[in-house]
file protein_35.tsv (TSV, C-alpha atoms)
chain	number	residue	atom	x	y	z
A	72	MET	CA	-16.51	96.26	97.00
A	73	GLU	CA	-17.76	95.78	93.45
A	74	LYS	CA	-16.12	97.90	90.77
A	75	ILE	CA	-16.78	98.82	87.20
A	76	PRO	CA	-13.88	97.56	85.06
A	77	ILE	CA	-11.87	100.03	82.99
A	78	LEU	CA	-10.12	98.58	79.93
A	79	LYS	CA	-7.12	100.16	78.25
A	80	MET	CA	-7.02	99.93	74.48
A	81	GLY	CA	-4.17	101.78	72.79
A	82	GLY	CA	-4.33	105.37	73.99
A	83	PHE	CA	-7.95	105.09	75.07
A	84	LEU	CA	-9.83	103.86	78.12
A	85	LEU	CA	-13.06	101.92	77.67
A	86	VAL	CA	-15.79	101.56	80.24
A	87	THR	CA	-18.97	99.56	79.80
A	88	ILE	CA	-21.49	100.15	82.54
A	89	GLN	CA	-23.52	96.97	82.81
A	90	VAL	CA	-24.96	97.18	86.29
A	91	ASP	CA	-27.61	99.40	87.82
A	92	MET	CA	-25.20	101.66	89.69
A	93	HIS	CA	-25.83	102.88	93.17
A	94	ASP	CA	-24.33	106.27	93.95
A	95	GLN	CA	-21.15	105.04	95.65
A	96	LEU	CA	-20.32	102.88	92.66
A	97	ALA	CA	-20.76	105.87	90.35
A	98	MET	CA	-18.48	107.96	92.55
A	99	ALA	CA	-15.87	105.18	92.60
A	100	LEU	CA	-15.93	105.00	88.81
A	101	GLN	CA	-15.33	108.74	88.61
A	102	ASP	CA	-12.31	108.47	90.92
A	103	ASP	CA	-10.92	105.33	89.24
A	104	LEU	CA	-11.20	106.86	85.79
A	105	THR	CA	-9.35	110.04	86.67
A	106	GLN	CA	-6.60	107.94	88.31
A	107	MET	CA	-6.36	105.74	85.22
A	108	ILE	CA	-6.18	108.71	82.84
A	109	SER	CA	-3.31	110.11	84.84
A	110	GLN	CA	-1.48	106.77	85.15
A	111	THR	CA	-1.86	105.64	81.55
A	112	GLU	CA	-1.74	109.10	79.94
A	113	ALA	CA	-4.83	108.12	77.99
A	114	ARG	CA	-6.01	110.69	75.46
A	115	GLY	CA	-9.59	109.49	75.27
A	116	VAL	CA	-12.29	107.85	77.38
A	117	LEU	CA	-15.23	105.97	75.92
A	118	ILE	CA	-18.17	105.19	78.21
A	119	ASP	CA	-20.75	102.75	76.89
A	120	ILE	CA	-24.09	103.21	78.66
A	121	SER	CA	-26.19	101.08	76.29
A	122	SER	CA	-27.07	98.73	79.17
A	123	LEU	CA	-28.24	101.56	81.44
A	124	GLU	CA	-32.03	101.60	81.75
A	125	ILE	CA	-32.11	104.99	83.40
A	126	VAL	CA	-29.84	107.99	83.83
A	127	ASP	CA	-31.02	110.13	86.71
A	128	SER	CA	-29.55	113.44	87.85
A	129	PHE	CA	-26.84	111.73	89.90
A	130	ILE	CA	-25.57	109.54	87.07
A	131	GLY	CA	-25.93	112.47	84.68
A	132	ARG	CA	-23.79	114.58	86.95
A	133	MET	CA	-21.21	111.79	87.16
A	134	LEU	CA	-20.98	111.66	83.35
A	135	ALA	CA	-20.58	115.45	83.19
A	136	ASN	CA	-17.93	115.36	85.94
A	137	ILE	CA	-15.95	112.64	84.18
A	138	ALA	CA	-16.03	114.65	80.95
A	139	ALA	CA	-14.88	117.81	82.75
A	140	MET	CA	-12.14	116.08	84.76
A	141	SER	CA	-10.76	114.20	81.78
A	142	ARG	CA	-10.70	117.45	79.78
A	143	VAL	CA	-8.57	119.03	82.50
A	144	LEU	CA	-6.30	115.98	82.25
A	145	ASP	CA	-6.04	116.46	78.47
A	146	ALA	CA	-8.32	113.58	77.52
A	147	GLN	CA	-11.59	113.56	75.56
A	148	THR	CA	-14.66	111.71	76.83
A	149	VAL	CA	-17.40	110.35	74.64
A	150	VAL	CA	-20.55	108.71	76.01
A	151	VAL	CA	-22.08	106.17	73.65
A	152	GLY	CA	-25.16	104.04	73.28
A	153	MET	CA	-27.76	105.97	75.25
A	154	GLN	CA	-31.16	104.33	74.85
A	155	PRO	CA	-33.79	106.61	73.22
A	156	ALA	CA	-36.13	106.32	76.22
A	157	VAL	CA	-33.27	107.39	78.48
A	158	ALA	CA	-32.50	110.40	76.27
A	159	ILE	CA	-36.16	111.52	76.28
A	160	THR	CA	-36.38	111.18	80.05
A	161	LEU	CA	-33.07	112.90	80.69
A	162	VAL	CA	-34.05	116.02	78.75
A	163	GLU	CA	-37.46	116.14	80.43
A	164	LEU	CA	-35.74	115.81	83.78
A	165	GLY	CA	-33.83	118.96	82.90
A	166	LEU	CA	-30.41	117.53	82.04
A	167	SER	CA	-29.02	117.94	78.56
A	168	LEU	CA	-25.45	116.95	79.52
A	169	PRO	CA	-23.70	120.10	78.31
A	170	GLY	CA	-20.01	119.50	77.70
A	171	VAL	CA	-20.46	115.76	77.22
A	172	ARG	CA	-19.75	114.44	73.73
A	173	THR	CA	-22.02	111.61	72.68
A	174	ALA	CA	-22.15	109.09	69.86
A	175	LEU	CA	-24.73	106.50	68.90
A	176	ASN	CA	-22.53	103.43	69.33
A	177	VAL	CA	-19.02	102.27	70.19
A	178	ASP	CA	-17.77	102.45	66.58
A	179	ALA	CA	-18.96	106.02	66.13
A	180	GLY	CA	-17.55	106.93	69.54
A	181	MET	CA	-14.12	105.54	68.66
A	182	ASP	CA	-14.18	107.62	65.46
A	183	VAL	CA	-14.93	110.73	67.51
A	184	LEU	CA	-12.02	110.01	69.86
A	185	ARG	CA	-9.55	109.19	67.06
A	186	SER	CA	-10.39	112.29	65.06
A	187	SER	CA	-10.31	114.60	68.08
A	188	VAL	CA	-6.93	113.26	69.20
A	189	ASN	CA	-5.47	113.33	65.69
A	190	GLY	CA	-6.94	116.78	65.11
A	191	ALA	CA	-5.31	118.12	68.25
A	192	ARG	CA	-1.99	116.58	67.20
A	193	GLY	CA	-2.22	118.30	63.80
A	194	ILE	CA	-2.57	121.72	65.39
A	195	TYR	CA	0.36	120.99	67.67
A	196	ASP	CA	2.60	119.92	64.75
A	197	GLY	CA	1.63	123.08	62.91
A	198	ARG	CA	2.94	125.19	65.74
A	199	ILE	CA	6.31	123.47	65.88
A	200	HIS	CA	7.20	123.47	62.21
B	86	MET	CA	-60.57	104.06	90.82
B	87	THR	CA	-59.42	101.14	92.93
B	88	VAL	CA	-56.09	100.27	94.46
B	89	VAL	CA	-55.22	96.85	93.11
B	90	SER	CA	-52.16	96.20	95.23
B	91	THR	CA	-49.87	97.95	97.62
B	92	GLU	CA	-46.27	97.33	98.48
B	93	ASN	CA	-44.00	98.95	101.04
B	94	VAL	CA	-40.34	99.35	100.17
B	95	PRO	CA	-37.77	100.63	102.69
B	96	VAL	CA	-35.70	103.60	101.53
B	97	MET	CA	-32.89	103.79	104.07
B	98	THR	CA	-29.59	103.23	102.28
B	99	GLU	CA	-28.11	103.80	98.82
B	100	PRO	CA	-28.63	100.21	97.65
B	101	ASP	CA	-32.32	100.73	98.49
B	102	VAL	CA	-32.45	103.31	95.68
B	103	VAL	CA	-31.47	100.57	93.25
B	104	ALA	CA	-34.12	98.28	94.77
B	105	VAL	CA	-36.75	101.04	94.39
B	106	ARG	CA	-35.83	101.44	90.72
B	107	ARG	CA	-36.15	97.68	90.15
B	108	ARG	CA	-39.52	97.36	91.92
B	109	VAL	CA	-41.00	100.38	90.15
B	110	ARG	CA	-39.72	99.11	86.80
B	111	GLU	CA	-41.37	95.69	87.37
B	112	ALA	CA	-44.68	97.25	88.39
B	113	ALA	CA	-44.71	99.72	85.48
B	114	ALA	CA	-43.93	96.93	83.02
B	115	GLN	CA	-46.70	94.73	84.49
B	116	LEU	CA	-49.17	97.60	84.11
B	117	GLY	CA	-48.30	97.77	80.43
B	118	PHE	CA	-46.53	101.15	80.48
B	119	SER	CA	-44.58	102.00	77.33
B	120	LEU	CA	-40.80	101.83	77.62
B	121	VAL	CA	-40.57	105.64	77.70
B	122	ASP	CA	-43.22	105.88	80.43
B	123	GLN	CA	-41.48	103.13	82.42
B	124	THR	CA	-38.21	105.01	82.15
B	125	LYS	CA	-39.82	108.29	83.24
B	126	VAL	CA	-41.49	106.88	86.34
B	127	VAL	CA	-38.39	104.88	87.33
B	128	THR	CA	-36.22	107.98	86.95
B	129	ALA	CA	-38.64	110.07	89.02
B	130	ALA	CA	-38.66	107.35	91.70
B	131	SER	CA	-34.87	107.31	91.72
B	132	GLU	CA	-34.71	111.06	92.32
B	133	LEU	CA	-37.29	110.95	95.11
B	134	ALA	CA	-35.74	107.89	96.78
B	135	ARG	CA	-32.37	109.64	96.87
B	136	ASN	CA	-34.00	112.77	98.36
B	137	THR	CA	-35.66	110.60	101.01
B	138	ILE	CA	-32.25	109.30	102.08
B	139	ILE	CA	-30.11	112.42	101.72
B	140	TYR	CA	-32.54	115.07	102.99
B	141	GLY	CA	-35.05	112.99	104.94
B	142	GLY	CA	-32.61	110.68	106.69
B	143	GLY	CA	-34.40	107.65	105.26
B	144	GLY	CA	-38.02	106.55	105.08
B	145	HIS	CA	-40.08	104.32	102.87
B	146	MET	CA	-41.93	104.15	99.60
B	147	LEU	CA	-45.52	103.00	99.29
B	148	MET	CA	-46.21	101.65	95.82
B	149	GLU	CA	-49.83	101.30	94.72
B	150	ARG	CA	-51.10	99.86	91.47
B	151	LEU	CA	-54.26	101.70	90.45
B	152	ASN	CA	-57.10	100.45	88.32
B	153	GLY	CA	-59.66	102.82	86.90
B	154	PRO	CA	-60.46	104.31	83.53
B	155	ARG	CA	-56.72	103.94	83.05
B	156	ASN	CA	-54.10	101.91	84.86
B	157	GLY	CA	-51.69	103.87	86.96
B	158	LEU	CA	-48.89	103.66	89.42
B	159	ARG	CA	-48.87	105.80	92.55
B	160	LEU	CA	-45.70	106.17	94.59
B	161	THR	CA	-45.56	107.84	97.98
B	162	PHE	CA	-42.17	108.66	99.51
B	163	LYS	CA	-42.36	109.46	103.18
B	164	ASP	CA	-39.70	110.43	105.67
B	165	ASP	CA	-39.63	111.87	109.17
B	166	GLY	CA	-36.73	114.19	108.45
B	167	PRO	CA	-36.40	117.92	109.03
B	168	GLY	CA	-38.99	118.81	106.39
B	169	ILE	CA	-38.93	121.59	103.80
B	170	ALA	CA	-39.41	125.22	104.85
B	171	ASP	CA	-40.06	126.68	101.39
B	172	ILE	CA	-41.61	124.16	99.00
B	173	THR	CA	-41.86	126.63	96.11
B	174	MET	CA	-38.14	127.23	96.37
B	175	ALA	CA	-37.39	123.50	96.70
B	176	LEU	CA	-39.26	122.80	93.45
B	177	ARG	CA	-37.25	125.37	91.53
B	178	ASP	CA	-34.65	123.91	89.17
B	179	GLY	CA	-31.14	124.48	90.37
B	180	PHE	CA	-32.11	125.04	93.98
B	181	THR	CA	-30.47	122.67	96.44
B	182	THR	CA	-29.50	122.70	100.08
B	183	GLY	CA	-27.24	119.71	99.42
B	184	SER	CA	-24.55	119.04	96.86
B	185	GLY	CA	-26.79	117.84	94.03
B	186	LEU	CA	-27.94	119.56	90.88
B	187	GLY	CA	-31.26	120.72	92.31
B	188	LEU	CA	-33.21	118.81	89.67
B	189	GLY	CA	-34.70	116.07	91.84
B	190	LEU	CA	-38.06	117.46	92.93
B	191	GLY	CA	-38.78	119.63	89.89
B	192	GLY	CA	-37.56	116.90	87.56
B	193	ALA	CA	-39.68	114.23	89.25
B	194	LYS	CA	-42.70	116.52	88.93
B	195	ARG	CA	-42.14	116.96	85.20
B	196	LEU	CA	-41.79	113.20	84.67
B	197	CYS	CA	-45.18	112.33	86.20
B	198	SER	CA	-48.85	112.93	85.57
B	199	GLU	CA	-49.63	114.07	89.11
B	200	PHE	CA	-47.40	115.41	91.85
B	201	ASP	CA	-48.16	116.31	95.44
B	202	ILE	CA	-45.88	117.33	98.26
B	203	ILE	CA	-46.68	117.82	101.93
B	204	SER	CA	-43.93	119.06	104.19
B	205	ALA	CA	-43.26	121.42	107.05
B	206	PRO	CA	-40.22	122.12	109.20
B	207	GLY	CA	-39.92	119.35	111.79
B	208	ALA	CA	-42.81	117.39	110.30
B	209	GLY	CA	-41.06	115.30	107.65
B	210	THR	CA	-41.85	115.16	103.96
B	211	LYS	CA	-44.38	113.21	101.93
B	212	VAL	CA	-44.13	113.28	98.15
B	213	THR	CA	-46.74	111.49	96.05
B	214	ILE	CA	-46.42	110.96	92.32
B	215	THR	CA	-48.81	109.21	89.97
B	216	ARG	CA	-48.16	108.13	86.44
B	217	TRP	CA	-51.16	107.06	84.38
B	218	LYS	CA	-50.82	104.68	81.49
call {"tool": "encode", "arguments": {"input": "protein_35.tsv", "output": "structure tokens"}}
result
Amino acid sequence: MEKIPILKMGGFLLVTIQVDMHDQLAMALQDDLTQMISQTEARGVLIDISSLEIVDSFIGRMLANIAAMSRVLDAQTVVVGMQPAVAITLVELGLSLPGVRTALNVDAGMDVLRSSVNGARGIYDGRIH
Amino acid sequence: MTVVSTENVPVMTEPDVVAVRRRVREAAAQLGFSLVDQTKVVTAASELARNTIIYGGGGHMLMERLNGPRNGLRLTFKDDGPGIADITMALRDGFTTGSGLGLGLGGAKRLCSEFDIISAPGAGTKVTITRWK
């Protein structure tokens, strides 16, 4: 079965969705990502959806689930590169992706992940010392 | 208004949803829809195709290119499934008898110019949406 590749880069996992996903593929990605977070102890997940021409309620729910599951596993998720037409449609559909952090592109998304992980570490250090 | 062309697309399995999205995208682009309008009608089609499979047990989509004062695309999703007892309830955001978000029908309605649904228990479901250019 086809799979969406998950790349590990430092403490982060990177996913670029480049195919028009059917629902099973989206579900498999959700499962694979949570497995990978647990195995690699990743602190952040970046999902690039710049190639996605639509995000319907199923894919939207998958993105929200990934964000929620990774949060429970102590990792941050940021979704980057949403096309403007997709954003307009998604909101009109009734989905505003609450709980999902977004950024305009991969660079901005990496900044979000780095600062959120470093920020969390700072608070932790403060408690110890 | 005249129907320029019609096309029948099976909606039986999950990969068919992807095929529906691709066919609707091609037709909307050919009709000269803006990118936002293409995205809206493809997204609406995706929601309705999934409903046809999950709730209707599969069916088909009739795609019609319309020519009139404005160009348009009319999509009819038809299944012979159990039908919908309370259509008003089914159109309400957040209502679902499945495991989804309950945004499919109401969302598809918001994304199109015209929306029509005919359904009764035991009589299947027919949803027609039209998006004008």
call {"tool": "atom_distance", "arguments": {"input": "protein_35.tsv", "atom1": "CA of Leu133 in chain B", "atom2": "CA of Asn136 in chain A"}}
result
21.9 Å
call {"tool": "residues_around", "arguments": {"input": "protein_35.tsv", "residues": "Ile138 in chain B", "least_positions_apart": "4", "cutoff": "12 Å", "atoms": "only C-alpha atoms", "output": "number ranges by chain"}}
result
A: 94; B: 95-102, 131-134, 142-146, 162-167, 183, 210
call {"tool": "interface_residues", "arguments": {"input": "protein_35.tsv", "of": "chain A", "to": "chain B", "cutoff": "8 Å", "atoms": "all atoms listed in the file", "output": "list of chain:residue names"}}
result
A:Asp91, A:Met92, A:His93, A:Asp94, A:Gln95, A:Glu124, A:Ile125, A:Val126, A:Asp127, A:Ser128, A:Phe129, A:Arg132, A:Ala156, A:Val157, A:Ile159, A:Thr160, A:Glu163, A:Leu164, A:Gly165
call {"tool": "closest_residue", "arguments": {"input": "protein_35.tsv", "among": "A:Ala99, A:Leu78, A:Val149, A:Ile108", "to": "Leu175 in chain A", "atoms": "all atoms listed in the file"}}
result
A:Val149
call {"tool": "residues_around", "arguments": {"input": "protein_35.tsv", "residues": "Glu92 in chain B", "least_positions_apart": "4", "cutoff": "10 Å", "atoms": "only C-alpha atoms", "output": "JSON list (two decimals) with C-alpha atoms, in the coordinates of the input"}}
result
[["chain", "number", "residue", "atom", "x", "y", "z"],
["B", 108, "ARG", "CA", -39.52, 97.36, 91.92],
["B", 146, "MET", "CA", -41.93, 104.15, 99.60],
["B", 147, "LEU", "CA", -45.52, 103.00, 99.29],
["B", 148, "MET", "CA", -46.21, 101.65, 95.82],
["B", 149, "GLU", "CA", -49.83, 101.30, 94.72],
["B", 150, "ARG", "CA", -51.10, 99.86, 91.47],
["B", 160, "LEU", "CA", -45.70, 106.17, 94.59]]
call {"tool": "atom_distance", "arguments": {"input": "protein_35.tsv", "atom1": "CA of Ala97 in chain A", "atom2": "CA of Glu73 in chain A"}}
result
11.0 Å
call {"tool": "closest_residue", "arguments": {"input": "protein_35.tsv", "among": "A:Thr87, A:Gln101, A:Gln106, A:Ser186", "to": "Val150 in chain A", "atoms": "all atoms listed in the file"}}
result
A:Thr87
call {"tool": "atom_distance", "arguments": {"input": "protein_35.tsv", "atom1": "CA of Gly180 in chain A", "atom2": "CA of Val86 in chain A"}}
result
12.1 Å
call {"tool": "closest_residue", "arguments": {"input": "protein_35.tsv", "among": "A:Leu117, A:Val90, A:Ile130, A:Ile137", "to": "Leu161 in chain A", "atoms": "all atoms listed in the file"}}
result
A:Ile130
call {"tool": "closest_residue", "arguments": {"input": "protein_35.tsv", "among": "B:Thr161, B:Thr182, B:Thr87, B:Gln115", "to": "Tyr140 in chain B", "atoms": "only C-alpha atoms"}}
result
B:Thr182
call {"tool": "residues_around", "arguments": {"input": "protein_35.tsv", "residues": "Met86 in chain B", "least_positions_apart": "3", "cutoff": "8 Å", "atoms": "only C-alpha atoms", "output": "ChimeraX atom specification"}}
result
/B:151-154
call {"tool": "closest_residue", "arguments": {"input": "protein_35.tsv", "among": "A:Met153, A:Leu144, A:Leu184, A:Ile75", "to": "Asp103 in chain A", "atoms": "all atoms listed in the file"}}
result
A:Ile75
call {"tool": "build_atoms", "arguments": {"input": "protein_35.tsv", "residues": "range 126-138 of chain B", "atoms": "N, CA and C atoms", "output": "CSV table (one decimal), in the frame of the given file"}}
result
chain,number,residue,atom,x,y,z
B,126,VAL,N,-41.0,107.1,85.0
B,126,VAL,CA,-41.5,106.9,86.3
B,126,VAL,C,-40.4,106.3,87.2
B,127,VAL,N,-39.5,105.4,86.6
B,127,VAL,CA,-38.4,104.9,87.3
B,127,VAL,C,-37.4,106.0,87.7
B,128,THR,N,-37.2,106.9,86.7
B,128,THR,CA,-36.2,108.0,87.0
B,128,THR,C,-36.7,108.9,88.0
B,129,ALA,N,-38.0,109.2,88.0
B,129,ALA,CA,-38.6,110.1,89.0
B,129,ALA,C,-38.5,109.4,90.4
B,130,ALA,N,-38.8,108.1,90.4
B,130,ALA,CA,-38.7,107.4,91.7
B,130,ALA,C,-37.2,107.4,92.2
B,131,SER,N,-36.3,107.3,91.3
B,131,SER,CA,-34.9,107.3,91.7
B,131,SER,C,-34.5,108.6,92.4
B,132,GLU,N,-35.0,109.7,91.8
B,132,GLU,CA,-34.7,111.1,92.3
B,132,GLU,C,-35.3,111.2,93.7
B,133,LEU,N,-36.6,110.8,93.8
B,133,LEU,CA,-37.3,111.0,95.1
B,133,LEU,C,-36.7,110.0,96.2
B,134,ALA,N,-36.3,108.8,95.8
B,134,ALA,CA,-35.7,107.9,96.8
B,134,ALA,C,-34.4,108.5,97.3
B,135,ARG,N,-33.6,109.1,96.4
B,135,ARG,CA,-32.4,109.6,96.9
B,135,ARG,C,-32.6,110.8,97.8
B,136,ASN,N,-33.6,111.6,97.5
B,136,ASN,CA,-34.0,112.8,98.4
B,136,ASN,C,-34.4,112.3,99.7
B,137,THR,N,-35.2,111.2,99.7
B,137,THR,CA,-35.7,110.6,101.0
B,137,THR,C,-34.5,110.2,101.9
B,138,ILE,N,-33.4,109.7,101.3
B,138,ILE,CA,-32.2,109.3,102.1
B,138,ILE,C,-31.4,110.5,102.5
